[in-house]
Amino acid sequence: MGQHILPGNPPIAVTLRRSAQARRISLRVSALDGRVTLTLPKGLPEREALDFARSKQDWLAGHLADRAPEVTLAPGASLPVEGRMLRLEAGIGRRVTSSGDTLLVPGGNPARLQAWLKTLARDRLASASDRYAAALGRPYARITLRDTRSRWGSCSSTAGLSYSWRLIMAPPEVLEYVAAHEVAHLEQMNHSSAFWAIVARLMPDYQTHRDWLRRSGTALHRYRFD
């Protein structure tokens, strides 16, 4: 339906969305990118929905102010790699290398850094998926990496595993948990008690790492490579 600006200090951009399933007005602030979405039921006047949003402007401003700022990855910035914070510096040559707590990126180019992270993520996720699939006795067909925002991994009906490459920023045990979770779907395409029993068999302490993702996973989307 378009975007409206609520005047104020600062002004707040609100995206309006009409839904046939909605029974009442709802206002949501995305934890990932701070986007504000105003959903209104079919037939409700737009004016009424905007009046509702204006009445919640202080609440919106508070939530937006509490968001952790985005990090533009350039020399001098830091980002987590396998759970460890590393400082970026411009390097020479063609390869990303690490030295202590410093990550040397050729020319400080964020695209080079992103490509390196994706390669590392594929290596770690393939290794974890191979181990858990062998333990389960259920082979998978392929691995795909994406930059998904709604989920960290998925398993298709054709045994394809898909992961967010940003998992390489999380502690290694968290990446391992997501691999175990998706491999478990090769046997149980649901989230039943039988499914969670498989996850527990593959990784007995999975709940700790699941909790980390729920608590801290959103922060991995703060890092911008453009």
# chains A, B, ... in the order shown; residues from 1 in each chain; ligands from 1
$ residues_around --residues "Leu103 in chain A" --least-positions-apart "2" --cutoff "6 Å" --atoms "only C-alpha atoms" --output "list in words"
Arg87, Leu88, Thr97 and Ser98 of chain A
$ select_by_dssp --residues "chain A" --states "alpha helix (DSSP H)" --output "PyMOL selection string"
chain A and resi 46-55+57-66+110-136+172-184+193-202+206-216
$ residues_around --residues "range 193-200 of chain A" --least-positions-apart "3" --cutoff "6 Å" --atoms "only C-alpha atoms" --output "NGL selection string"
:A and (181 or 184 or 188 or 203-204)
$ closest_residue --among "A:Ala121, A:Ala20, A:Met85, A:Leu202" --to "Leu136 in chain A" --atoms "only C-alpha atoms"
A:Leu202
$ atom_distance --atom1 "CA of Gln207 in chain A" --atom2 "CA of Ala180 in chain A"
11.8 Å
$ residues_around --residues "Ser164 in chain A" --least-positions-apart "5" --cutoff "12 Å" --atoms "only C-alpha atoms" --output "count of residues only"
26
$ atom_distance --atom1 "CA of Gly91 in chain A" --atom2 "CA of Gly76 in chain A"
12.1 Å
$ residues_around --residues "Ala13 in chain A" --least-positions-apart "6" --cutoff "8 Å" --atoms "only C-alpha atoms" --output "PyMOL selection string"
chain A and resi 3-6+35-36
$ write_last_selection --atoms "all heavy atoms" --output "compact mmCIF listing (two decimals), in the first residue's frame"
# COMPACT_ATOMS: atom_id res chain seq x y z
N GLN A 3 4.31 3.69 1.54
CA GLN A 3 4.99 4.12 2.75
C GLN A 3 4.53 5.51 3.16
O GLN A 3 4.29 6.38 2.32
CB GLN A 3 6.50 4.12 2.51
CG GLN A 3 7.33 4.28 3.77
CD GLN A 3 8.81 4.14 3.48
OE1 GLN A 3 9.44 5.09 3.02
NE2 GLN A 3 9.37 2.97 3.73
N HIS A 4 4.39 5.71 4.45
CA HIS A 4 4.03 7.01 5.00
C HIS A 4 5.08 7.42 6.03
O HIS A 4 5.69 6.57 6.67
CB HIS A 4 2.65 6.96 5.66
CG HIS A 4 1.52 6.83 4.68
ND1 HIS A 4 0.74 7.89 4.31
CD2 HIS A 4 1.07 5.76 3.99
CE1 HIS A 4 -0.17 7.48 3.43
NE2 HIS A 4 0.02 6.19 3.23
N ILE A 5 5.27 8.71 6.17
CA ILE A 5 6.23 9.25 7.14
C ILE A 5 5.47 9.88 8.29
O ILE A 5 4.63 10.77 8.08
CB ILE A 5 7.16 10.30 6.49
CG1 ILE A 5 7.88 9.70 5.27
CG2 ILE A 5 8.15 10.82 7.51
CD1 ILE A 5 8.82 8.56 5.59
N LEU A 6 5.74 9.41 9.49
CA LEU A 6 5.17 10.04 10.68
C LEU A 6 6.10 11.19 11.07
O LEU A 6 7.27 10.95 11.40
CB LEU A 6 5.07 9.04 11.83
CG LEU A 6 4.20 7.80 11.60
CD1 LEU A 6 4.19 6.93 12.86
CD2 LEU A 6 2.78 8.19 11.21
N ARG A 35 12.60 -1.95 10.15
CA ARG A 35 11.47 -1.55 9.31
C ARG A 35 10.18 -1.60 10.13
O ARG A 35 9.91 -2.57 10.84
CB ARG A 35 11.36 -2.46 8.10
CG ARG A 35 10.24 -2.09 7.15
CD ARG A 35 10.24 -3.02 5.94
NE ARG A 35 11.50 -2.92 5.22
CZ ARG A 35 11.82 -3.72 4.20
NH1 ARG A 35 10.98 -4.65 3.80
NH2 ARG A 35 12.99 -3.56 3.59
N VAL A 36 9.38 -0.54 10.01
CA VAL A 36 8.11 -0.46 10.72
C VAL A 36 6.98 -0.82 9.75
O VAL A 36 6.84 -0.19 8.70
CB VAL A 36 7.88 0.96 11.30
CG1 VAL A 36 6.53 1.03 12.00
CG2 VAL A 36 9.02 1.33 12.25
$ atom_distance --atom1 "CA of Leu40 in chain A" --atom2 "CA of Thr218 in chain A"
26.3 Å
$ residues_around --residues "Ala134 in chain A" --least-positions-apart "5" --cutoff "12 Å" --atoms "only C-alpha atoms" --output "ChimeraX atom specification"
/A:126-129,139-140,180,183-184,186,202
$ select_by_dssp --residues "range 83-194 of chain A" --states "strand (DSSP E)" --output "list in words"
Arg84, Met85, Leu86, Arg87, Leu88, Glu89, Ala90, Gly91, Thr97, Ser98, Ser99, Thr102, Leu103, Leu104, Val105, Pro106, Arg142, Ile143, Thr144, Leu145, Arg146, Gly153, Ser154, Cys155, Gly160, Leu161, Ser162, Tyr163 and Ser164 of chain A
$ decode --residues "range 97-116 of chain A" --atoms "N, CA, C and O atoms" --output "mmCIF file, in the first residue's frame"
data_model
loop_
_atom_site.group_PDB
_atom_site.id
_atom_site.type_symbol
_atom_site.label_atom_id
_atom_site.label_comp_id
_atom_site.auth_asym_id
_atom_site.auth_seq_id
_atom_site.Cartn_x
_atom_site.Cartn_y
_atom_site.Cartn_z
ATOM 1 N N THR A 97 43.510 -12.978 4.993
ATOM 2 C CA THR A 97 44.317 -13.716 5.960
ATOM 3 C C THR A 97 44.068 -13.156 7.347
ATOM 4 O O THR A 97 43.598 -12.023 7.514
ATOM 5 N N SER A 98 44.377 -13.951 8.359
ATOM 6 C CA SER A 98 44.209 -13.491 9.734
ATOM 7 C C SER A 98 45.547 -13.517 10.449
ATOM 8 O O SER A 98 46.412 -14.344 10.159
ATOM 9 N N SER A 99 45.692 -12.587 11.366
ATOM 10 C CA SER A 99 46.896 -12.506 12.189
ATOM 11 C C SER A 99 46.470 -12.074 13.574
ATOM 12 O O SER A 99 46.119 -10.901 13.793
ATOM 13 N N GLY A 100 46.443 -13.018 14.504
ATOM 14 C CA GLY A 100 45.952 -12.708 15.844
ATOM 15 C C GLY A 100 44.489 -12.323 15.791
ATOM 16 O O GLY A 100 43.648 -13.074 15.292
ATOM 17 N N ASP A 101 44.175 -11.129 16.292
ATOM 18 C CA ASP A 101 42.793 -10.636 16.295
ATOM 19 C C ASP A 101 42.514 -9.708 15.121
ATOM 20 O O ASP A 101 41.536 -8.958 15.134
ATOM 21 N N THR A 102 43.371 -9.757 14.105
ATOM 22 C CA THR A 102 43.219 -8.894 12.937
ATOM 23 C C THR A 102 42.925 -9.719 11.700
ATOM 24 O O THR A 102 43.511 -10.787 11.492
ATOM 25 N N LEU A 103 42.005 -9.234 10.897
ATOM 26 C CA LEU A 103 41.657 -9.871 9.631
ATOM 27 C C LEU A 103 42.114 -8.935 8.516
ATOM 28 O O LEU A 103 41.666 -7.791 8.435
ATOM 29 N N LEU A 104 43.035 -9.416 7.700
ATOM 30 C CA LEU A 104 43.592 -8.599 6.626
ATOM 31 C C LEU A 104 42.837 -8.886 5.340
ATOM 32 O O LEU A 104 42.860 -10.007 4.823
ATOM 33 N N VAL A 105 42.147 -7.867 4.833
ATOM 34 C CA VAL A 105 41.296 -7.997 3.649
ATOM 35 C C VAL A 105 41.943 -7.225 2.496
ATOM 36 O O VAL A 105 42.225 -6.031 2.646
ATOM 37 N N PRO A 106 42.198 -7.873 1.357
ATOM 38 C CA PRO A 106 42.847 -7.177 0.242
ATOM 39 C C PRO A 106 42.145 -5.861 -0.110
ATOM 40 O O PRO A 106 40.955 -5.854 -0.447
ATOM 41 N N GLY A 107 42.868 -4.779 0.017
ATOM 42 C CA GLY A 107 42.315 -3.468 -0.303
ATOM 43 C C GLY A 107 41.184 -3.025 0.598
ATOM 44 O O GLY A 107 40.533 -2.012 0.337
ATOM 45 N N GLY A 108 40.929 -3.773 1.679
ATOM 46 C CA GLY A 108 39.797 -3.450 2.554
ATOM 47 C C GLY A 108 38.453 -3.637 1.881
ATOM 48 O O GLY A 108 37.443 -3.075 2.319
ATOM 49 N N ASN A 109 38.414 -4.437 0.810
ATOM 50 C CA ASN A 109 37.217 -4.613 -0.013
ATOM 51 C C ASN A 109 36.184 -5.493 0.697
ATOM 52 O O ASN A 109 36.437 -6.684 0.923
ATOM 53 N N PRO A 110 34.991 -4.960 1.044
ATOM 54 C CA PRO A 110 33.994 -5.775 1.747
ATOM 55 C C PRO A 110 33.476 -6.947 0.915
ATOM 56 O O PRO A 110 33.085 -7.969 1.470
ATOM 57 N N ALA A 111 33.462 -6.818 -0.410
ATOM 58 C CA ALA A 111 33.011 -7.932 -1.255
ATOM 59 C C ALA A 111 33.965 -9.116 -1.127
ATOM 60 O O ALA A 111 33.542 -10.278 -1.127
ATOM 61 N N ARG A 112 35.280 -8.833 -1.035
ATOM 62 C CA ARG A 112 36.261 -9.894 -0.833
ATOM 63 C C ARG A 112 36.043 -10.582 0.511
ATOM 64 O O ARG A 112 36.146 -11.794 0.638
ATOM 65 N N LEU A 113 35.754 -9.771 1.523
ATOM 66 C CA LEU A 113 35.502 -10.314 2.852
ATOM 67 C C LEU A 113 34.269 -11.205 2.847
ATOM 68 O O LEU A 113 34.274 -12.311 3.403
ATOM 69 N N GLN A 114 33.202 -10.745 2.215
ATOM 70 C CA GLN A 114 31.976 -11.533 2.158
ATOM 71 C C GLN A 114 32.200 -12.858 1.439
ATOM 72 O O GLN A 114 31.728 -13.909 1.897
ATOM 73 N N ALA A 115 32.927 -12.834 0.332
ATOM 74 C CA ALA A 115 33.207 -14.063 -0.406
ATOM 75 C C ALA A 115 34.010 -15.042 0.454
ATOM 76 O O ALA A 115 33.752 -16.258 0.444
ATOM 77 N N TRP A 116 34.968 -14.523 1.213
ATOM 78 C CA TRP A 116 35.766 -15.364 2.100
ATOM 79 C C TRP A 116 34.901 -15.995 3.199
ATOM 80 O O TRP A 116 35.032 -17.188 3.507
#
